[in-house]
Amino acid sequence: MATLLIHHPVFAEHLVPFGHPERPERIQAVEAALSDDRFAPLLREQARMADVEMILLCHPLSHLEAMRHYSPSESMIRVDADTTMSPMTLEAALIAVGGACQAVDAVLDGDAKNAFCAMRPPGHHAEPDRAMGFCFFNQAAIAARHAQRGHGLERIAVVDWDVHHGNGTQAIFWDDPSVLYASTHQMPLYPGTGAASESGAGNIFNAPLAPGADGADFRRSFETVILPALDAFRPQLIIISAGFDAHSRDPLGELELVEADFVWATEQLMEVANRHSHGRIVSILEGGYDLKALAASTAAHVETLMRAG
């Protein structure tokens, strides 16, 4: 079995205003990096459109209807100060959800050993009834629910290393001990959540990092907070919210990670998955706004996933 790459050309058609960091060039940089010859062994599938039932796993119908109502037929509209919709945004967001669930199906059905979803818009800030922070639907959370409802899994872990805390994912699983949410992120920083004291039903593990924290700090947080929590939980599937904006080059964060840190974290999660989850990992692209750092970090992460035994 090989690593599966989920992709779709529509992800470049979600347009944003000039100067917005979550721009189509992000996914184009990722796709260019993954077109290198060393990624030839990847299984590649175009993402499929989500059905309504997938959205309703984590969002009320009123939220989907609101996104349909806001979706413009031309030009762009703002959902909030940071979050913009263009005519193809809703389709891209729905296909991103479908692609995440498609990756879960492939990994849990044994058609791929693990998967990376190269897509935008991101999702981890999307709360049950609120689009925010560049996000419309919470792909990682929906993928976790899909693994439970569609495949009967009882324990799913979502690990988030984006520089911004995944407030939406935390909110969705706040009182649900069947899903562990673990996050490293800069604090203080948008969206203002993610204190170590935020623990939900004992299933939330936040390891905030101070501005200027480097790879050693990041690794220490993993080793002291996240990895022990994962081993105690024994997840049957690990979903990664793989944001690469904790990189030292990123303009939206103040952490000092480099590609080697993401490789190390990927390796650690692969070891946990081998112990508890038959190696099953689904990784979903979140943030990352310096194009060079995003491309290099994504390539390093995917290349590490490809080494899974």
# chains A, B, ... in the order shown; residues from 1 in each chain; ligands from 1
$ residues_around --residues "Phe134 (chain A)" --least-positions-apart "5" --cutoff "10 Å" --atoms "only C-alpha atoms" --output "list in words"
Val16, His20, Pro21, Glu22, Val79, Asp80, Ala81, Asp82, Thr83, Thr84, Met85, Arg120, Pro121, Pro122, Gly123, His124, His125, Ala126, Glu286 and Gly287 of chain A
$ select_by_dssp --residues "region 170-271 of chain A" --states "strand (DSSP E)" --output "list in words"
Val179, Leu180, Tyr181, Ala182, Ser183, Thr184, His185, Gln186, Ile204, Phe205, Asn206, Ala207, Pro208, Leu209, Leu237, Ile238, Ile239, Ile240, Ser241 and Ala242 of chain A
$ closest_residue --among "A:Leu252, A:Ala216, A:Ala207, A:Val179" --to "Phe233 (chain A)" --atoms "only C-alpha atoms"
A:Val179
$ residues_around --residues "Gly194 (chain A)" --least-positions-apart "6" --cutoff "10 Å" --atoms "only C-alpha atoms" --output "PyMOL selection string"
chain A and resi 164-167+170+182-188+204-208
$ residues_around --residues "Leu61 (chain A)" --least-positions-apart "4" --cutoff "9 Å" --atoms "only C-alpha atoms" --output "VMD selection string"
chain A and resid 52 55 to 56 65 to 66 129
$ closest_residue --among "A:Leu153, A:Ala143, A:Ala115, A:Ala33" --to "Lys292 (chain A)" --atoms "only C-alpha atoms"
A:Ala33
$ residues_around --residues "Leu294 (chain A)" --least-positions-apart "6" --cutoff "9 Å" --atoms "only C-alpha atoms" --output "list in words"
Arg26, Ala29, Val30, Gly243, Phe244, Asp245, His247, Asp250, Gly287 and Gly288 of chain A
$ residues_around --residues "Ile6 (chain A)" --least-positions-apart "2" --cutoff "6 Å" --atoms "only C-alpha atoms" --output "ChimeraX atom specification"
/A:45-47,117-118
